[in-house]
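The next block holds one structure in the form of structure tokens; read it before the comments.
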Amino acid sequence: MLSILLAALQKQQYNLRILHWKATGLDFHTTHVEILDGYIDKFGEYIDKVAEMMILCNEEIPTAKELDSIASKYKIDYSIAVKNYKSEDIFIIISRIFNTIISCIKNCNKYNYPSYIKSELDSIEYWFQIEGRYKTKQTLQ
């Protein structure tokens, strides 16, 4: 269901905001501005895209309370501790966030959505896979 993916994207975008606010260390500018700002914006784009897909599929857009309930029901982790994070810790968390989204997309692909929706989901999944493999690992080196 697309509502699970929407809940995951919104909750994980919130995690990215906490990481953004709590980034510290020598790589602060790169981590804070160049990477996390971009990810927060990208998540916003995907939230909008998934909501539009839901409308095309005649699925109702959940309220904030319903999204919280969906996130709880499907155990979508969104409890990043509010503390300061060094860059290397942030990239480990980002990898976990991306894996959560990829898992939700794979779950959505089990449903009988039209091919244009599946194609959009594949495109989103591809971005997370490539970004997760390339940027987070490259930045850690």
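Residue numbering restarts at 1 in every chain; chains get A, B, ... in the order shown in the structure tokens, and ligands count up from 1 in that same order.
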Within 8 Å of stretch 62-77 of chain A, counting only C-alpha atoms, which residues qualify if same-chain residues fewer than 5 places away don't, as a list of chain:residue names? A:Ser3, A:Ile4, A:Leu6, A:Ala7, A:Ala8, A:Lys11, A:Gln12, A:Thr100
With C-alpha atoms retained, export the selected residues as a compact mmCIF listing (two decimals), in the first residue's frame.
```txt
# COMPACT_ATOMS: atom_id res chain seq x y z
CA SER A 3 0.09 4.79 2.46
CA ILE A 4 2.86 2.75 4.14
CA LEU A 6 4.00 7.78 2.44
CA ALA A 7 4.21 7.24 6.21
CA ALA A 8 7.79 5.98 5.91
CA LYS A 11 8.74 9.85 9.28
CA GLN A 12 12.17 9.40 7.79
CA THR A 100 13.61 1.38 5.32
```
Where in chain A does DSSP assign helix (DSSP H, G or I), given as a ChimeraX atom specification? /A:2-21,28-56,64-73,87-108,115-140
Would you mind reading off the distance between atom CA of A:Tyr85 and atom CA of A:Leu19, one decimal, in Å? 7.0 Å
Contacts of stretch 2-87 of chain A with stretch 110-133 of chain A up to 12 Å, shortest pair per row, only C-alpha atoms, as JSON lines:
```
{"residue": "A:Leu2", "atom": "CA", "partner": "A:Tyr111", "partner_atom": "CA", "distance": 9.3}
{"residue": "A:Leu5", "atom": "CA", "partner": "A:Leu121", "partner_atom": "CA", "distance": 9.9}
{"residue": "A:Leu6", "atom": "CA", "partner": "A:Leu121", "partner_atom": "CA", "distance": 11.8}
{"residue": "A:Leu9", "atom": "CA", "partner": "A:Ile124", "partner_atom": "CA", "distance": 11.3}
{"residue": "A:Ile35", "atom": "CA", "partner": "A:Glu131", "partner_atom": "CA", "distance": 10.8}
{"residue": "A:Gly38", "atom": "CA", "partner": "A:Glu131", "partner_atom": "CA", "distance": 11.5}
{"residue": "A:Tyr39", "atom": "CA", "partner": "A:Glu131", "partner_atom": "CA", "distance": 9.8}
{"residue": "A:Lys42", "atom": "CA", "partner": "A:Trp127", "partner_atom": "CA", "distance": 10.0}
{"residue": "A:Phe43", "atom": "CA", "partner": "A:Ile124", "partner_atom": "CA", "distance": 10.1}
{"residue": "A:Glu45", "atom": "CA", "partner": "A:Ile124", "partner_atom": "CA", "distance": 10.3}
{"residue": "A:Tyr46", "atom": "CA", "partner": "A:Ile124", "partner_atom": "CA", "distance": 7.6}
{"residue": "A:Ile47", "atom": "CA", "partner": "A:Ile124", "partner_atom": "CA", "distance": 10.8}
{"residue": "A:Lys49", "atom": "CA", "partner": "A:Glu120", "partner_atom": "CA", "distance": 8.7}
{"residue": "A:Val50", "atom": "CA", "partner": "A:Leu121", "partner_atom": "CA", "distance": 8.5}
{"residue": "A:Ala51", "atom": "CA", "partner": "A:Ile117", "partner_atom": "CA", "distance": 11.6}
{"residue": "A:Glu52", "atom": "CA", "partner": "A:Ile117", "partner_atom": "CA", "distance": 10.1}
{"residue": "A:Met53", "atom": "CA", "partner": "A:Ile117", "partner_atom": "CA", "distance": 6.6}
{"residue": "A:Met54", "atom": "CA", "partner": "A:Ile117", "partner_atom": "CA", "distance": 9.2}
{"residue": "A:Ile55", "atom": "CA", "partner": "A:Ile117", "partner_atom": "CA", "distance": 11.2}
{"residue": "A:Leu56", "atom": "CA", "partner": "A:Ile117", "partner_atom": "CA", "distance": 8.8}
{"residue": "A:Cys57", "atom": "CA", "partner": "A:Tyr113", "partner_atom": "CA", "distance": 7.7}
{"residue": "A:Asn58", "atom": "CA", "partner": "A:Tyr113", "partner_atom": "CA", "distance": 11.1}
{"residue": "A:Glu59", "atom": "CA", "partner": "A:Tyr113", "partner_atom": "CA", "distance": 11.3}
```
A:Asp89: which residues within 10 Å, counting only C-alpha atoms, same-chain residues fewer than 3 positions away excluded, as a VMD selection string? chain A and resid 19 23 84 to 86 92 to 94 140
As number ranges by chain, please: all residues of chain A that backbone DSSP puts in strand (DSSP E or B). A: 23-24, 85-86
Keeping only C-alpha atoms, write the selected residues as an mmCIF file, in the first residue's frame.
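Written output follows (out_28.cif):
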```cif
data_model
loop_
_atom_site.group_PDB
_atom_site.id
_atom_site.type_symbol
_atom_site.label_atom_id
_atom_site.label_comp_id
_atom_site.auth_asym_id
_atom_site.auth_seq_id
_atom_site.Cartn_x
_atom_site.Cartn_y
_atom_site.Cartn_z
ATOM 1 C CA ALA A 23 25.201 17.521 12.831
ATOM 2 C CA THR A 24 28.614 18.312 14.338
ATOM 3 C CA TYR A 85 25.887 13.358 15.677
ATOM 4 C CA LYS A 86 29.262 13.157 13.958
#
```
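You will find atom CA of A:Asp48 at 22.1 Å from atom CA of A:Val33.
When atom CA of A:Thr30 is paired with atom CA of A:Leu16, their separation reads 14.4 Å.
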Would you mind telling me which residue in A:Met1, A:Ile90, A:Ile40, A:Ile61 lies nearest to A:Gly25 when using only C-alpha atoms?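 So, comparing all the options, the nearest one is A:Ile90.
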Kindly indicate which residue among A:Ser87, A:Asn109, A:Ser103, A:Ser95 lies nearest to A:His29, using only C-alpha atoms for the distances. A:Ser87
For each of A:Ile101, A:Lys83, A:Phe91, A:Leu26, take the minimum atom-to-atom distance to A:Gln10, counting only C-alpha atoms, then give the residue where this is smallest.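 Of A:Ile101, A:Lys83, A:Phe91, A:Leu26, the one nearest A:Gln10, counting only C-alpha atoms, is A:Ile101.
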